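**Q** Here's a structure for you.
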Amino acid sequence: MTIYHVPFAHLPDGLARDVRLVEEDGRWVEVTANASPRDGLSGGSTGGAPSGVSSDDASSDDVIRLDGVALPGFANCHSHAFHRALRGRTHDDGGTFWTWRERMYRVAAQLDPSTYLALARAVYAEMALAGVTAVGEFHYVHHRPDGTPYDDPNAMGSALRQAAREAGIRLTLLDTCYLHGGLGTDGHAAMSAEQQRFSDDSVEAWARRHAQLRDDALSDENTVVGAAIHSVRAVARDELADVVAATPGEILHAHVSEQPAENAAALAHYQRTPVGLLHESGALSERFSAVHATHLSDDDVSTLARAGATACFCPTTERDLADGIGPAVALHDAGARLSLGSDQHAVIDMFEEARGLEMHERLTSNERGRLSPRDLLAAATRHAGIGWPDAGEIVVGARADLVVVNAESLRTAGCSPDQILLAAIAQDVTDVIVDGRVVVRGGRHRLEETLAPGGIGRLLHDAIDPFWRQT
């Protein structure tokens with residue numbers, strides 16, 4: 001048992017003061033507001049400091065006092081870990097999403113299980129420092145660069161599982177079906193040389209590999225295996241339903257209407273929007289997340305909402321790639337759920353993603369307060385969207401996740417604790433607890449004690465620099 005006390009905490013019914021939190025076996029067993037640190041203690045030890053907290057951090061009565069504002073753990077619901085290597089490497093010649101993609105392919109071609117482990121571990125550690133306690137990894141780099149499988153067909157997925165475990169965050173591995181090189185008015189294109197390693201060649205072959213991945217992860221308490229349809233550009237109309245049938249009950253994600261060109265191609269070839277195609281395939285349900293959902297029709301918004309689906313916005317990526325601003329408020333008002341992801345990791349900052357959701361709406365509507373701070377926090381903590389329904393709230397019985405934010409930084413000093421999501425940045429996170437384990441303490445990741453004595457920035461540099469040495 002470990003006892004914490006925080007001055008402020010965001011609980012399901014709002015901001016609470018002087019909150020006493022008791023963790024046992026990775027769950028919250030007590031959450032009490034307006035409590036002194038020693039309420040309920042009869043003396044004696046209560047288990048001491050948790051792993052990662054020094055004895056100096058624990059007070060004599062064995063209560064861990066955390067200064068700041070406590071939030072539930074953040075859920076980063078859409079990640080491509082290897083895209084982190086593109087940060088600061090794609091701005092020299094402008095271009096579009098399609099030209100950006102060429103550099104993405106260049107990095108993807110150099111990945112192998114060893115380099116992907118090193119890169120993803122550093123990226124997931126960066127996420128932990130930003131308060132992320134679970135990540136949805138949209139994983140499609142499956143095979144060798146020429147498309148032949150590794151001896152272990154899921155070697156790349158295994159590297160991601162190990163990376164998340166070592167970085168201290170939970171992983172939802174969204175194993176992606178990717179079968180075609182694109183979609184035009186004349187139909188689907190063949191895979192390019194750069195895309196070969198993404199493809200299993202058929203839904204049946206993908207489903208066999210996916211089933212093996214699912215079986216391999218059955219005993220991995222840190223991983224949920226879900227599925228993804230890369231997009232309606234990469235999976236044809238007559239294949240979509242087969243993917244849905246092969247993944248009953250699993251979390252299912254897809255890139256949806258990220259660019260106008262995707263919509264135009266789907267309408268020209270199928271006379272359906274991407275949402276329409278996914279709807280008729282049976283993909284849309286409460287387990288489905290439409291990633292980006294940028295260019296939706298009114299009918300698309302209604303269809304997603306009626307299905308109980310989630311729309312996962314990635315505001316920092318959508319503006320970095322000039323994709324556009326999606327209809328977040330329209331989806332929210334229609335009853336669809338909202339979640340957030342950092343996608344290509346132009347930044348890893350869930351505060352910025354949450355603010356972007358609201359600020360982009362202000363730009364398009366000329367109105368403030370389109371989404372409340374509580375709406376934004378709900379989006380930033382929607383763990384159910386990546387298969388962890390028992391996380392995302394500080395409540396008895398939930399997973400013992402916690403993010404503590406410095407209330408006296410240059411950004412947050414003077415702000416109301418209930419609006420800290422609108423003021424803080426990732427660097428204001430001081431402490432992160434995941435399933436009761438201390439992963440970040442005093443702004444330092446636990447890997448800095450062993451693997452990364454030079455800091456997570458150095459770990460990232462050492463993982464990324466080799467990709468660009470010969471370019």
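Ordering of the structure tokens sets the chain letters (A, B, ...); residue numbers start at 1 within each chain; ligands are numbered from 1 in the order shown.
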Which polymer residues have any atom within 12 Å of an atom of Glu448 (chain A), counting only C-alpha atoms, with same-chain residues fewer than 5 positions away left out, as a count of residues only?

**A** 19

**Q** What's around region 198-214 of chain A at 6 Å? Count only C-alpha atoms, leave out sequence neighbours fewer than 3 positions away in its own chain, and write the answer as a short mmCIF file (atom, residue, chain, number, x, y, z; two decimals) with N, CA and C atoms, in the first residue's frame.

**A**
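See result03.cif below for the written result:
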```cif
data_model
loop_
_atom_site.label_atom_id
_atom_site.label_comp_id
_atom_site.auth_asym_id
_atom_site.auth_seq_id
_atom_site.Cartn_x
_atom_site.Cartn_y
_atom_site.Cartn_z
N TYR A 140 2.32 -0.36 -38.60
CA TYR A 140 2.25 -0.99 -39.92
C TYR A 140 3.61 -1.34 -40.52
N VAL A 141 4.71 -1.15 -39.81
CA VAL A 141 6.03 -1.54 -40.32
C VAL A 141 6.27 -2.98 -39.87
N HIS A 142 5.75 -3.93 -40.64
CA HIS A 142 5.68 -5.32 -40.20
C HIS A 142 6.89 -6.16 -40.61
N TYR A 178 -2.72 -3.24 -44.33
CA TYR A 178 -2.27 -2.27 -45.34
C TYR A 178 -1.98 -3.07 -46.60
N LEU A 179 -2.84 -3.00 -47.60
CA LEU A 179 -2.76 -3.93 -48.74
C LEU A 179 -2.57 -3.27 -50.09
N GLN A 195 6.57 0.69 -49.83
CA GLN A 195 5.44 0.22 -49.04
C GLN A 195 5.42 -1.28 -48.82
N ALA A 217 0.70 -12.11 -27.09
CA ALA A 217 0.56 -11.06 -26.08
C ALA A 217 -0.44 -11.40 -24.98
N VAL A 225 -3.76 -5.84 -27.60
CA VAL A 225 -3.64 -5.94 -29.05
C VAL A 225 -4.97 -5.54 -29.68
#
```

**Q** Can you check which residues of region 271-346 of chain A DSSP gives as strand (DSSP E or B) on the backbone and send them as an MDAnalysis selection string?

**A** chainID A and resid 288:292 310:313 337:340 343

**Q** With a distance cut-off of 12 Å and only C-alpha atoms, select the neighbouring residues of His143 (chain A), excluding the residue or stretch itself and same-chain residues fewer than 4 positions from it, and output the selection as a VMD selection string.

**A** chain A and resid 108 to 113 139 147 to 157 178 194 to 201 206 209

**Q** Dump C-alpha atoms for the selected residues as a PDB file, in the first residue's frame?

**A**
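Okay, selection00.pdb is ready:
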```pdb
ATOM      1  CA  ALA A 108      10.871   3.505 -42.487  1.00  0.00           C
ATOM      2  CA  ALA A 109      13.231   1.755 -44.908  1.00  0.00           C
ATOM      3  CA  GLN A 110      16.031   1.815 -42.314  1.00  0.00           C
ATOM      4  CA  LEU A 111      14.099   0.303 -39.431  1.00  0.00           C
ATOM      5  CA  ASP A 112      14.775  -3.163 -38.061  1.00  0.00           C
ATOM      6  CA  PRO A 113      13.741  -4.707 -34.735  1.00  0.00           C
ATOM      7  CA  HIS A 139       1.693  -0.148 -36.277  1.00  0.00           C
ATOM      8  CA  GLY A 147       8.379  -7.324 -47.819  1.00  0.00           C
ATOM      9  CA  THR A 148       9.628 -10.723 -46.688  1.00  0.00           C
ATOM     10  CA  PRO A 149       8.664 -11.596 -43.107  1.00  0.00           C
ATOM     11  CA  TYR A 150      11.163 -11.784 -40.279  1.00  0.00           C
ATOM     12  CA  ASP A 151      11.722 -15.233 -38.770  1.00  0.00           C
ATOM     13  CA  ASP A 152       9.293 -14.040 -36.115  1.00  0.00           C
ATOM     14  CA  PRO A 153       6.578 -12.424 -38.279  1.00  0.00           C
ATOM     15  CA  ASN A 154       5.794 -10.034 -35.411  1.00  0.00           C
ATOM     16  CA  ALA A 155       9.379  -9.092 -34.540  1.00  0.00           C
ATOM     17  CA  MET A 156       8.678  -5.398 -35.075  1.00  0.00           C
ATOM     18  CA  GLY A 157       5.582  -5.533 -32.897  1.00  0.00           C
ATOM     19  CA  TYR A 178      -2.272  -2.267 -45.340  1.00  0.00           C
ATOM     20  CA  GLU A 194       8.783   1.663 -50.168  1.00  0.00           C
ATOM     21  CA  GLN A 195       5.440   0.222 -49.039  1.00  0.00           C
ATOM     22  CA  GLN A 196       6.245  -3.470 -49.437  1.00  0.00           C
ATOM     23  CA  ARG A 197       7.200  -3.967 -45.809  1.00  0.00           C
ATOM     24  CA  PHE A 198       3.827  -2.645 -44.667  1.00  0.00           C
ATOM     25  CA  SER A 199       1.786  -5.317 -46.444  1.00  0.00           C
ATOM     26  CA  ASP A 200       0.752  -8.910 -45.740  1.00  0.00           C
ATOM     27  CA  ASP A 201      -0.600  -9.170 -49.343  1.00  0.00           C
ATOM     28  CA  TRP A 206      -2.784 -10.358 -42.223  1.00  0.00           C
ATOM     29  CA  ARG A 209      -0.189 -12.931 -38.444  1.00  0.00           C
TER      30      ARG A 209
END
```

**Q** Hey, what's within 10 Å of Val329 (chain A) if we count only C-alpha atoms and toss same-chain stuff fewer than 2 positions away? As a list in words, please?

**A**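 Residues meeting the cut-off are Gly326, Pro327, Leu331, His332, Asp333, Ala334, Gly335, Ala336, Leu338, Leu357, Glu358, Glu361, Arg370 and Leu371 of chain A.
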
**Q** Run DSSP on the backbone and grab whatever in region 37-163 of chain A lands in helix (DSSP H, G or I); send it over as a PyMOL selection string.

**A** chain A and resi 81-86+97-108+113-129+155-163

**Q** Got a sec: who's within 9 Å of Gly385 (chain A), counting only C-alpha atoms, leaving out chain neighbours fewer than 6 positions off, as an MDAnalysis selection string?

**A** chainID A and resid 75 77 136 251 286:289 310 312 337:339

**Q** Now that the selection is made, can you save its residues with C-alpha atoms as an mmCIF file, in the first residue's frame?

**A**
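Below you can see selection00.cif, which holds the result:
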```cif
data_model
loop_
_atom_site.group_PDB
_atom_site.id
_atom_site.type_symbol
_atom_site.label_atom_id
_atom_site.label_comp_id
_atom_site.auth_asym_id
_atom_site.auth_seq_id
_atom_site.Cartn_x
_atom_site.Cartn_y
_atom_site.Cartn_z
ATOM 1 C CA ALA A 75 -3.981 8.568 -23.244
ATOM 2 C CA CYS A 77 -4.504 7.411 -28.759
ATOM 3 C CA GLY A 136 -2.133 3.554 -29.044
ATOM 4 C CA ILE A 251 -10.409 -2.091 -30.622
ATOM 5 C CA GLU A 286 -18.278 1.846 -30.000
ATOM 6 C CA ARG A 287 -14.961 0.062 -30.495
ATOM 7 C CA PHE A 288 -14.070 2.166 -33.550
ATOM 8 C CA SER A 289 -11.953 5.332 -33.696
ATOM 9 C CA THR A 310 -14.704 8.006 -31.294
ATOM 10 C CA CYS A 312 -9.279 10.893 -32.591
ATOM 11 C CA ARG A 337 -16.561 10.781 -28.318
ATOM 12 C CA LEU A 338 -13.321 12.727 -28.790
ATOM 13 C CA SER A 339 -9.796 11.517 -28.125
#
```

**Q** Neighbouring residues of region 258-269 of chain A were defined as those with any atom within 12 Å, considering only C-alpha atoms; residues of the same chain fewer than 5 positions away were excluded. Please report them as an NGL selection string.

**A** :A and (96-98 or 182-189 or 230-237 or 274-278 or 290-297 or 300 or 311-315 or 317-319 or 321-326)

**Q** So that I have them on file, write out the residues from the current selection with N, CA and C atoms, as a compact mmCIF listing (two decimals), in the first residue's frame.

**A**
```txt
# COMPACT_ATOMS: atom_id res chain seq x y z
N THR A 96 3.70 19.23 -49.40
CA THR A 96 2.39 18.77 -48.94
C THR A 96 2.56 17.51 -48.10
N PHE A 97 1.44 16.97 -47.66
CA PHE A 97 1.48 15.68 -46.98
C PHE A 97 2.16 14.64 -47.84
N TRP A 98 1.92 14.69 -49.13
CA TRP A 98 2.42 13.65 -50.03
C TRP A 98 3.93 13.75 -50.20
N GLY A 182 -2.56 2.93 -52.72
CA GLY A 182 -3.33 4.17 -52.80
C GLY A 182 -4.63 3.94 -53.53
N LEU A 183 -5.38 5.01 -53.72
CA LEU A 183 -6.68 4.93 -54.39
C LEU A 183 -6.84 6.13 -55.31
N GLY A 184 -7.17 5.84 -56.56
CA GLY A 184 -7.46 6.88 -57.53
C GLY A 184 -8.81 6.65 -58.17
N THR A 185 -9.15 7.46 -59.13
CA THR A 185 -10.46 7.31 -59.77
C THR A 185 -10.58 5.97 -60.49
N ASP A 186 -9.45 5.38 -60.86
CA ASP A 186 -9.47 4.10 -61.57
C ASP A 186 -9.34 2.90 -60.64
N GLY A 187 -9.22 3.14 -59.36
CA GLY A 187 -9.13 2.03 -58.43
C GLY A 187 -7.86 2.08 -57.60
N HIS A 188 -7.54 0.97 -56.97
CA HIS A 188 -6.42 0.90 -56.05
C HIS A 188 -5.11 0.65 -56.78
N ALA A 189 -4.06 1.31 -56.32
CA ALA A 189 -2.73 1.18 -56.91
C ALA A 189 -1.97 0.04 -56.24
N HIS A 230 -5.57 0.67 -42.29
CA HIS A 230 -4.76 1.86 -42.52
C HIS A 230 -5.61 3.00 -43.02
N SER A 231 -6.43 2.74 -44.04
CA SER A 231 -7.31 3.74 -44.63
C SER A 231 -8.09 3.05 -45.74
N VAL A 232 -9.09 3.72 -46.26
CA VAL A 232 -9.81 3.12 -47.40
C VAL A 232 -8.98 3.23 -48.67
N ARG A 233 -7.88 3.97 -48.59
CA ARG A 233 -6.94 3.97 -49.72
C ARG A 233 -6.13 2.67 -49.75
N ALA A 234 -5.85 2.12 -48.58
CA ALA A 234 -4.95 0.97 -48.48
C ALA A 234 -5.68 -0.36 -48.31
N VAL A 235 -6.98 -0.33 -48.04
CA VAL A 235 -7.80 -1.54 -47.92
C VAL A 235 -9.04 -1.33 -48.77
N ALA A 236 -9.26 -2.20 -49.73
CA ALA A 236 -10.34 -2.02 -50.71
C ALA A 236 -11.70 -2.33 -50.10
N ARG A 237 -12.72 -1.87 -50.81
CA ARG A 237 -14.10 -2.01 -50.32
C ARG A 237 -14.44 -3.45 -49.99
N PRO A 274 -15.19 7.95 -47.22
CA PRO A 274 -14.54 6.93 -46.40
C PRO A 274 -15.41 6.47 -45.24
N VAL A 275 -16.11 7.38 -44.57
CA VAL A 275 -17.01 6.97 -43.48
C VAL A 275 -18.11 6.07 -44.02
N GLY A 276 -18.64 6.41 -45.17
CA GLY A 276 -19.68 5.58 -45.77
C GLY A 276 -19.19 4.18 -46.08
N LEU A 277 -17.97 4.06 -46.59
CA LEU A 277 -17.41 2.74 -46.88
C LEU A 277 -17.22 1.93 -45.60
N LEU A 278 -16.70 2.57 -44.58
CA LEU A 278 -16.48 1.87 -43.31
C LEU A 278 -17.80 1.48 -42.67
N ALA A 290 -12.15 6.90 -35.51
CA ALA A 290 -11.81 7.53 -36.78
C ALA A 290 -10.68 8.52 -36.52
N VAL A 291 -9.49 8.20 -36.99
CA VAL A 291 -8.33 9.04 -36.71
C VAL A 291 -8.27 10.19 -37.71
N HIS A 292 -8.12 11.38 -37.22
CA HIS A 292 -8.08 12.66 -37.93
C HIS A 292 -9.49 13.18 -38.19
N ALA A 293 -10.30 12.45 -38.97
CA ALA A 293 -11.69 12.85 -39.22
C ALA A 293 -11.78 14.32 -39.61
N THR A 294 -10.87 14.74 -40.45
CA THR A 294 -10.72 16.17 -40.73
C THR A 294 -11.76 16.70 -41.71
N HIS A 295 -12.00 15.96 -42.78
CA HIS A 295 -12.85 16.46 -43.87
C HIS A 295 -14.12 15.60 -43.95
N LEU A 296 -15.01 15.81 -42.99
CA LEU A 296 -16.24 15.02 -42.89
C LEU A 296 -17.42 15.81 -43.42
N SER A 297 -18.34 15.10 -44.06
CA SER A 297 -19.63 15.70 -44.41
C SER A 297 -20.53 15.68 -43.19
N ASP A 300 -21.46 12.21 -42.53
CA ASP A 300 -20.38 11.47 -41.88
C ASP A 300 -20.41 11.70 -40.36
N ALA A 311 -13.80 9.96 -32.39
CA ALA A 311 -12.98 10.67 -33.38
C ALA A 311 -11.69 11.09 -32.68
N CYS A 312 -10.58 10.61 -33.20
CA CYS A 312 -9.28 10.89 -32.59
C CYS A 312 -8.60 12.01 -33.37
N PHE A 313 -8.51 13.17 -32.75
CA PHE A 313 -7.88 14.33 -33.39
C PHE A 313 -6.41 14.40 -32.97
N CYS A 314 -5.59 14.88 -33.88
CA CYS A 314 -4.15 15.05 -33.65
C CYS A 314 -3.78 16.47 -34.08
N PRO A 315 -4.19 17.48 -33.32
CA PRO A 315 -4.10 18.86 -33.79
C PRO A 315 -2.71 19.32 -34.19
N THR A 317 -0.25 17.58 -35.41
CA THR A 317 0.10 16.98 -36.71
C THR A 317 -0.75 17.55 -37.82
N GLU A 318 -2.03 17.72 -37.56
CA GLU A 318 -2.92 18.20 -38.61
C GLU A 318 -2.54 19.60 -39.07
N ARG A 319 -2.03 20.42 -38.16
CA ARG A 319 -1.58 21.74 -38.61
C ARG A 319 -0.17 21.68 -39.20
N LEU A 321 1.08 19.31 -41.00
CA LEU A 321 0.98 18.78 -42.37
C LEU A 321 -0.02 19.55 -43.22
N ALA A 322 -0.56 20.64 -42.68
CA ALA A 322 -1.52 21.48 -43.41
C ALA A 322 -2.73 20.67 -43.85
N ASP A 323 -3.16 19.74 -43.02
CA ASP A 323 -4.31 18.89 -43.36
C ASP A 323 -5.63 19.63 -43.21
N GLY A 324 -5.72 20.54 -42.25
CA GLY A 324 -6.98 21.24 -42.03
C GLY A 324 -7.46 21.08 -40.60
N ILE A 325 -8.60 21.66 -40.31
CA ILE A 325 -9.19 21.64 -38.97
C ILE A 325 -10.50 20.85 -39.04
N GLY A 326 -10.57 19.79 -38.25
CA GLY A 326 -11.74 18.92 -38.29
C GLY A 326 -12.90 19.43 -37.44
```
